[in-house]
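Quick look at work-v5.csv (CSV, C-alpha atoms):
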chain,number,residue,atom,x,y,z
A,48,LEU,CA,-106.0,151.1,63.2
A,49,PRO,CA,-108.0,150.4,60.0
A,50,ALA,CA,-110.1,147.3,60.0
A,51,TYR,CA,-108.6,146.0,56.7
A,52,TYR,CA,-105.4,145.1,58.6
A,53,LYS,CA,-106.2,141.4,59.3
A,54,THR,CA,-103.1,140.8,61.4
A,55,LEU,CA,-100.6,142.9,63.3
A,56,PHE,CA,-97.1,141.8,64.2
A,57,ILE,CA,-95.2,143.3,67.1
A,58,VAL,CA,-91.7,141.9,67.1
A,59,SER,CA,-89.0,142.7,69.7
A,60,PRO,CA,-90.2,146.1,70.9
A,61,THR,CA,-87.6,148.1,72.8
A,62,ASP,CA,-89.3,151.4,73.4
A,63,SER,CA,-92.2,152.2,75.7
A,64,PHE,CA,-95.8,152.1,74.3
A,65,PRO,CA,-97.7,155.3,75.0
A,66,PRO,CA,-101.2,154.7,76.5
A,67,ALA,CA,-102.8,156.1,73.3
A,68,HIS,CA,-101.1,153.3,71.2
A,69,LEU,CA,-102.3,150.6,73.6
A,70,GLU,CA,-105.8,152.0,73.4
A,71,LYS,CA,-105.6,151.7,69.6
A,72,LEU,CA,-104.6,148.1,70.1
A,73,ASP,CA,-107.6,147.5,72.3
A,74,ARG,CA,-109.9,149.0,69.6
A,75,TYR,CA,-108.3,146.9,66.9
A,76,MET,CA,-108.8,143.7,68.9
A,77,GLU,CA,-112.5,144.7,69.7
A,78,ASN,CA,-113.0,144.7,65.9
A,79,ALA,CA,-112.0,141.1,65.4
A,80,GLY,CA,-108.3,141.8,64.9
A,81,SER,CA,-105.5,139.3,65.1
A,82,LEU,CA,-102.2,140.0,66.8
A,83,MET,CA,-98.9,138.3,67.0
A,84,ILE,CA,-96.5,139.5,69.7
A,85,ALA,CA,-92.9,138.3,70.0
A,86,MET,CA,-91.3,140.3,72.8
A,87,ASN,CA,-88.4,140.1,75.2
A,88,ARG,CA,-89.1,140.6,78.9
A,89,VAL,CA,-85.4,140.2,79.7
A,90,ALA,CA,-82.2,140.9,77.9
A,91,GLY,CA,-78.7,139.4,78.1
A,92,ASP,CA,-75.6,141.6,77.5
A,93,PHE,CA,-72.5,139.6,76.6
A,94,SER,CA,-70.2,142.6,76.9
A,95,ASN,CA,-70.6,142.6,80.7
A,96,ALA,CA,-72.1,139.1,81.1
A,97,ARG,CA,-75.2,140.5,82.8
A,98,GLY,CA,-78.9,139.9,82.5
A,99,SER,CA,-81.6,142.5,83.1
A,100,SER,CA,-85.3,143.3,82.7
A,101,ILE,CA,-87.0,145.1,79.9
A,102,GLU,CA,-90.2,147.1,80.4
A,103,THR,CA,-92.2,148.6,77.5
A,104,GLY,CA,-95.7,148.7,79.0
A,105,LEU,CA,-96.8,146.0,76.6
A,106,GLU,CA,-96.3,143.4,79.4
A,107,THR,CA,-98.9,145.3,81.6
A,108,TRP,CA,-101.3,145.5,78.6
A,109,LEU,CA,-101.0,141.7,78.2
A,110,GLU,CA,-101.6,141.2,81.9
A,111,GLN,CA,-105.0,142.9,81.5
A,112,LYS,CA,-105.7,140.3,78.8
A,113,GLY,CA,-104.8,137.5,81.2
A,114,ILE,CA,-101.4,136.7,79.7
A,115,PHE,CA,-98.4,137.1,82.0
A,116,ILE,CA,-94.9,137.1,80.5
A,117,ASP,CA,-92.9,136.5,83.7
A,118,ASN,CA,-89.9,138.7,84.6
A,119,ASN,CA,-87.4,135.9,84.5
A,120,PHE,CA,-84.9,134.0,82.4
A,121,ILE,CA,-85.7,130.4,81.4
A,122,ILE,CA,-82.9,127.9,81.6
A,123,ASP,CA,-83.2,124.6,79.9
A,124,ALA,CA,-81.0,121.5,79.8
A,125,ASN,CA,-81.9,121.2,76.2
A,126,CYS,CA,-80.1,124.3,74.9
A,127,GLY,CA,-78.0,125.9,72.3
A,128,ALA,CA,-74.3,126.7,72.5
A,129,ILE,CA,-72.1,129.8,72.4
A,130,ASN,CA,-68.5,130.3,71.4
A,131,VAL,CA,-66.2,131.1,74.2
A,132,ARG,CA,-62.6,132.2,73.8
A,133,ARG,CA,-60.1,130.2,75.9
A,134,GLN,CA,-56.4,130.5,76.5
A,135,GLN,CA,-54.1,127.5,77.1
A,136,GLY,CA,-50.5,128.4,77.4
A,137,GLN,CA,-49.6,130.6,74.5
A,138,PHE,CA,-52.5,129.5,72.4
A,139,ASN,CA,-56.0,131.1,72.1
A,140,PHE,CA,-58.9,129.0,70.8
A,141,ASN,CA,-62.6,129.1,70.6
A,142,GLN,CA,-64.7,126.5,72.4
A,143,GLN,CA,-68.4,125.8,72.2
A,144,ILE,CA,-70.2,125.4,75.5
A,145,GLN,CA,-73.8,124.6,76.3
A,146,PHE,CA,-75.6,127.8,77.4
A,147,PRO,CA,-78.9,127.0,79.2
A,148,TYR,CA,-80.1,130.6,78.7
A,149,PHE,CA,-80.7,129.6,75.0
A,150,PRO,CA,-83.5,127.1,75.3
A,151,MET,CA,-83.8,124.8,72.3
A,152,ILE,CA,-87.6,124.3,72.0
A,153,THR,CA,-88.7,121.0,70.6
A,154,ASN,CA,-92.0,120.5,72.4
A,155,PHE,CA,-94.8,121.9,70.2
A,156,SER,CA,-98.6,121.4,70.2
A,157,ASP,CA,-100.4,119.9,67.3
A,158,HIS,CA,-101.6,123.3,65.8
A,159,PRO,CA,-101.3,124.9,62.3
A,160,VAL,CA,-99.1,127.6,63.7
A,161,THR,CA,-96.4,125.1,64.8
A,162,ASN,CA,-96.9,122.2,62.4
A,163,GLY,CA,-93.7,121.2,60.7
A,164,ILE,CA,-91.4,123.0,63.2
A,165,GLU,CA,-88.9,120.5,64.7
A,166,SER,CA,-86.9,122.9,66.9
A,167,VAL,CA,-86.3,126.6,67.5
A,168,SER,CA,-83.8,128.4,69.7
A,169,LEU,CA,-85.3,131.1,72.0
A,170,PRO,CA,-82.4,133.1,73.4
A,171,PHE,CA,-83.2,134.7,76.7
A,172,ALA,CA,-86.8,133.6,76.8
A,173,SER,CA,-89.2,134.0,79.7
A,174,SER,CA,-92.0,131.8,81.0
A,175,ILE,CA,-95.6,132.6,80.2
A,176,GLY,CA,-98.3,132.4,82.8
A,177,PHE,CA,-102.1,132.5,82.6
A,178,ASN,CA,-105.2,131.7,84.7
A,179,ASP,CA,-106.7,128.5,83.3
A,180,GLN,CA,-109.8,129.1,85.5
A,181,ASP,CA,-110.6,132.4,83.8
A,182,THR,CA,-113.3,131.5,81.2
A,183,SER,CA,-113.1,135.0,79.6
A,184,VAL,CA,-109.8,134.0,78.0
A,185,ILE,CA,-109.0,130.7,76.4
A,186,VAL,CA,-105.3,129.9,76.3
A,187,GLU,CA,-103.7,127.1,74.2
A,188,VAL,CA,-100.0,126.4,74.8
A,189,LEU,CA,-98.2,126.2,71.4
A,190,ALA,CA,-94.6,125.6,72.6
A,191,GLN,CA,-92.9,124.8,75.9
A,192,THR,CA,-89.6,123.9,77.3
A,193,SER,CA,-88.2,120.4,77.9
A,194,GLN,CA,-89.0,118.6,81.2
A,195,LYS,CA,-85.6,119.7,82.6
A,196,ALA,CA,-85.9,123.5,82.9
A,197,GLY,CA,-85.8,126.3,85.5
A,198,LYS,CA,-86.2,130.0,86.1
A,199,GLU,CA,-83.7,132.6,87.2
A,200,SER,CA,-84.4,136.2,88.2
A,201,PRO,CA,-83.0,139.1,86.2
A,202,ASP,CA,-80.1,141.3,87.3
A,203,LEU,CA,-77.9,138.2,87.2
A,204,TYR,CA,-74.4,137.4,86.1
A,205,PHE,CA,-73.8,134.8,83.4
A,206,ASP,CA,-71.1,132.4,84.7
A,207,ILE,CA,-69.9,130.6,81.6
A,208,SER,CA,-67.7,128.4,83.7
A,209,LYS,CA,-70.6,127.1,85.8
A,210,GLN,CA,-70.9,123.3,85.9
A,211,TRP,CA,-74.6,122.7,85.5
A,212,THR,CA,-76.3,119.7,87.2
A,213,GLY,CA,-79.8,118.2,87.1
A,214,ASN,CA,-80.6,120.1,90.3
A,215,ASP,CA,-80.5,123.3,88.3
A,216,PHE,CA,-83.5,122.2,86.2
A,217,PRO,CA,-86.3,121.3,88.7
A,218,LEU,CA,-89.1,122.5,86.5
A,219,GLY,CA,-90.5,121.3,83.1
A,220,ASP,CA,-92.9,122.1,80.3
A,221,LEU,CA,-92.8,125.9,80.9
A,222,PRO,CA,-94.9,127.7,78.2
A,223,VAL,CA,-93.0,130.0,75.8
A,224,ALA,CA,-95.7,130.5,73.2
A,225,VAL,CA,-99.4,130.6,73.6
A,226,LEU,CA,-102.6,131.3,71.5
A,227,ALA,CA,-105.3,133.3,73.3
A,228,THR,CA,-108.9,133.9,72.4
A,229,GLY,CA,-112.0,134.9,74.3
A,230,ASP,CA,-113.8,137.9,75.5
A,231,LYS,CA,-110.8,139.4,77.2
A,232,ILE,CA,-108.8,139.2,74.0
A,233,GLY,CA,-111.4,140.7,71.7
A,234,ARG,CA,-114.7,140.3,70.0
A,235,GLY,CA,-115.7,137.9,67.2
A,236,ARG,CA,-112.7,136.0,65.8
A,237,SER,CA,-110.1,138.0,67.6
A,238,SER,CA,-107.0,136.0,68.5
A,239,MET,CA,-103.6,136.7,69.9
A,240,ILE,CA,-100.4,134.7,69.7
A,241,VAL,CA,-97.6,135.5,72.2
A,242,PHE,CA,-94.0,134.4,72.1
A,243,SER,CA,-91.8,135.2,75.2
A,244,ASP,CA,-88.8,136.0,73.0
A,245,GLY,CA,-88.5,138.5,70.2
A,246,ASP,CA,-85.1,137.5,68.7
A,247,PHE,CA,-86.0,134.2,67.1
A,248,ALA,CA,-88.3,135.9,64.5

Please, can you express the file's structure as structure tokens?
Amino acid sequence: LPAYYKTLFIVSPTDSFPPAHLEKLDRYMENAGSLMIAMNRVAGDFSNARGSSIETGLETWLEQKGIFIDNNFIIDANCGAINVRRQQGQFNFNQQIQFPYFPMITNFSDHPVTNGIESVSLPFASSIGFNDQDTSVIVEVLAQTSQKAGKESPDLYFDISKQWTGNDFPLGDLPVAVLATGDKIGRGRSSMIVFSDGDFA
């Protein structure tokens, strides 16, 4: 990759990354490149109401950099809604229901990347993990869930009739966007921003 590309964006990849392409990314980052990744680790299919995993090889490359996009669905009590078609007697009508798999993110850090953003919906997002004891990578959380959140494994069925309770959201402040710098990321002024959802962009 030519050095005059100051920033690369990888948004919602669906195909596998060949090793040769990942090696080019490594070389780019070693030359003070900047990278923004917005990727889906999981996917939801409304046609059969199922959720499944996505693998492109990019998640493994990120793990080598110390960033782990977990293979899960985040659920959040602070969420968006979907339209569901209901039938009552002879009448059909659309009804909006809260859908915790569409987290509405309102918890942002004080950073130029997120300044001015009040809320953003991240449909079918995953949690992001990192080792805060690893000094070769410095991670700053840019956005996280509310304090009423949870995780669900993929290969699940979306039950739109489920009555959600507080017990379904035992976790909180799950990272969904991070900024990473340090030796593991690249040399010089290299930096990488990772969002665990590719659809919002």

>> Could you check the closest approach to Arg236 of chain A for each of A:Leu169, A:Val184, A:Ile116, A:Met76 and tell me which residue wins, using only C-alpha atoms?
In response: A:Met76

> atom CA of Cys126 of chain A to atom CA of Phe146 of chain A: how many Å, to one decimal?
Replying inline: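 One can read the atom CA of Cys126 of chain A to atom CA of Phe146 of chain A distance as 6.2 Å.
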
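Residue nearest Thr228 of chain A within the list A:Asp123, A:Glu77, A:Asp246, A:Asp206: A:Glu77 [criterion: smallest interatomic distance, all atoms listed in the file].
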
> Quick one, how far is atom CA of Tyr52 of chain A from atom CA of Gly80 of chain A?
Replying inline: 7.7 Å

> What is the distance between atom CA of Arg74 of chain A and atom CA of Phe56 of chain A, in Å to one decimal?
Replying inline: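 A separation of 15.6 Å between them.
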
> Which one is closest to Ile240 of chain A: A:Ile57, A:Val188, A:Ile101, A:Leu82? Count all atoms listed in the file.
Replying inline: A:Leu82

>> Using only C-alpha atoms for the distances, tell me which of A:Pro159, A:Gly229, A:Pro65, A:Pro147 is nearest to Lys112 of chain A.
In response: A:Gly229

Could I get segment 213-229 of chain A rebuilt with N, CA and C atoms, written as a PDB file, in the coordinates of the input?
ATOM      1  N   GLY A 213     -78.313 118.412  87.224  1.00  0.00           N
ATOM      2  CA  GLY A 213     -79.800 118.200  87.100  1.00  0.00           C
ATOM      3  C   GLY A 213     -80.544 118.993  88.141  1.00  0.00           C
ATOM      4  N   ASN A 214     -79.918 119.318  89.283  1.00  0.00           N
ATOM      5  CA  ASN A 214     -80.600 120.100  90.300  1.00  0.00           C
ATOM      6  C   ASN A 214     -80.915 121.527  89.863  1.00  0.00           C
ATOM      7  N   ASP A 215     -80.222 121.993  88.822  1.00  0.00           N
ATOM      8  CA  ASP A 215     -80.500 123.300  88.300  1.00  0.00           C
ATOM      9  C   ASP A 215     -81.729 123.429  87.471  1.00  0.00           C
ATOM     10  N   PHE A 216     -82.310 122.276  87.136  1.00  0.00           N
ATOM     11  CA  PHE A 216     -83.500 122.200  86.200  1.00  0.00           C
ATOM     12  C   PHE A 216     -84.626 121.485  86.887  1.00  0.00           C
ATOM     13  N   PRO A 217     -85.213 122.057  87.950  1.00  0.00           N
ATOM     14  CA  PRO A 217     -86.300 121.300  88.700  1.00  0.00           C
ATOM     15  C   PRO A 217     -87.646 121.424  88.081  1.00  0.00           C
ATOM     16  N   LEU A 218     -87.816 122.266  87.049  1.00  0.00           N
ATOM     17  CA  LEU A 218     -89.100 122.500  86.500  1.00  0.00           C
ATOM     18  C   LEU A 218     -89.189 121.867  85.067  1.00  0.00           C
ATOM     19  N   GLY A 219     -90.371 121.877  84.478  1.00  0.00           N
ATOM     20  CA  GLY A 219     -90.500 121.300  83.100  1.00  0.00           C
ATOM     21  C   GLY A 219     -91.758 121.849  82.455  1.00  0.00           C
ATOM     22  N   ASP A 220     -91.759 121.752  81.128  1.00  0.00           N
ATOM     23  CA  ASP A 220     -92.900 122.100  80.300  1.00  0.00           C
ATOM     24  C   ASP A 220     -93.383 123.555  80.602  1.00  0.00           C
ATOM     25  N   LEU A 221     -92.423 124.497  80.641  1.00  0.00           N
ATOM     26  CA  LEU A 221     -92.800 125.900  80.900  1.00  0.00           C
ATOM     27  C   LEU A 221     -93.209 126.512  79.531  1.00  0.00           C
ATOM     28  N   PRO A 222     -94.401 127.125  79.475  1.00  0.00           N
ATOM     29  CA  PRO A 222     -94.900 127.700  78.200  1.00  0.00           C
ATOM     30  C   PRO A 222     -93.999 128.865  77.752  1.00  0.00           C
ATOM     31  N   VAL A 223     -93.699 128.886  76.458  1.00  0.00           N
ATOM     32  CA  VAL A 223     -93.000 130.000  75.800  1.00  0.00           C
ATOM     33  C   VAL A 223     -93.708 130.597  74.670  1.00  0.00           C
ATOM     34  N   ALA A 224     -94.810 129.971  74.262  1.00  0.00           N
ATOM     35  CA  ALA A 224     -95.700 130.500  73.200  1.00  0.00           C
ATOM     36  C   ALA A 224     -97.086 130.049  73.445  1.00  0.00           C
ATOM     37  N   VAL A 225     -98.042 130.968  73.354  1.00  0.00           N
ATOM     38  CA  VAL A 225     -99.400 130.600  73.600  1.00  0.00           C
ATOM     39  C   VAL A 225    -100.328 131.297  72.550  1.00  0.00           C
ATOM     40  N   LEU A 226    -101.497 130.712  72.359  1.00  0.00           N
ATOM     41  CA  LEU A 226    -102.600 131.300  71.500  1.00  0.00           C
ATOM     42  C   LEU A 226    -103.711 131.623  72.480  1.00  0.00           C
ATOM     43  N   ALA A 227    -104.203 132.864  72.442  1.00  0.00           N
ATOM     44  CA  ALA A 227    -105.300 133.300  73.300  1.00  0.00           C
ATOM     45  C   ALA A 227    -106.461 133.829  72.546  1.00  0.00           C
ATOM     46  N   THR A 228    -107.647 133.398  72.948  1.00  0.00           N
ATOM     47  CA  THR A 228    -108.900 133.900  72.400  1.00  0.00           C
ATOM     48  C   THR A 228    -109.861 134.129  73.533  1.00  0.00           C
ATOM     49  N   GLY A 229    -111.047 134.634  73.225  1.00  0.00           N
ATOM     50  CA  GLY A 229    -112.000 134.900  74.300  1.00  0.00           C
ATOM     51  C   GLY A 229    -112.381 136.318  74.443  1.00  0.00           C
TER      52      GLY A 229
END
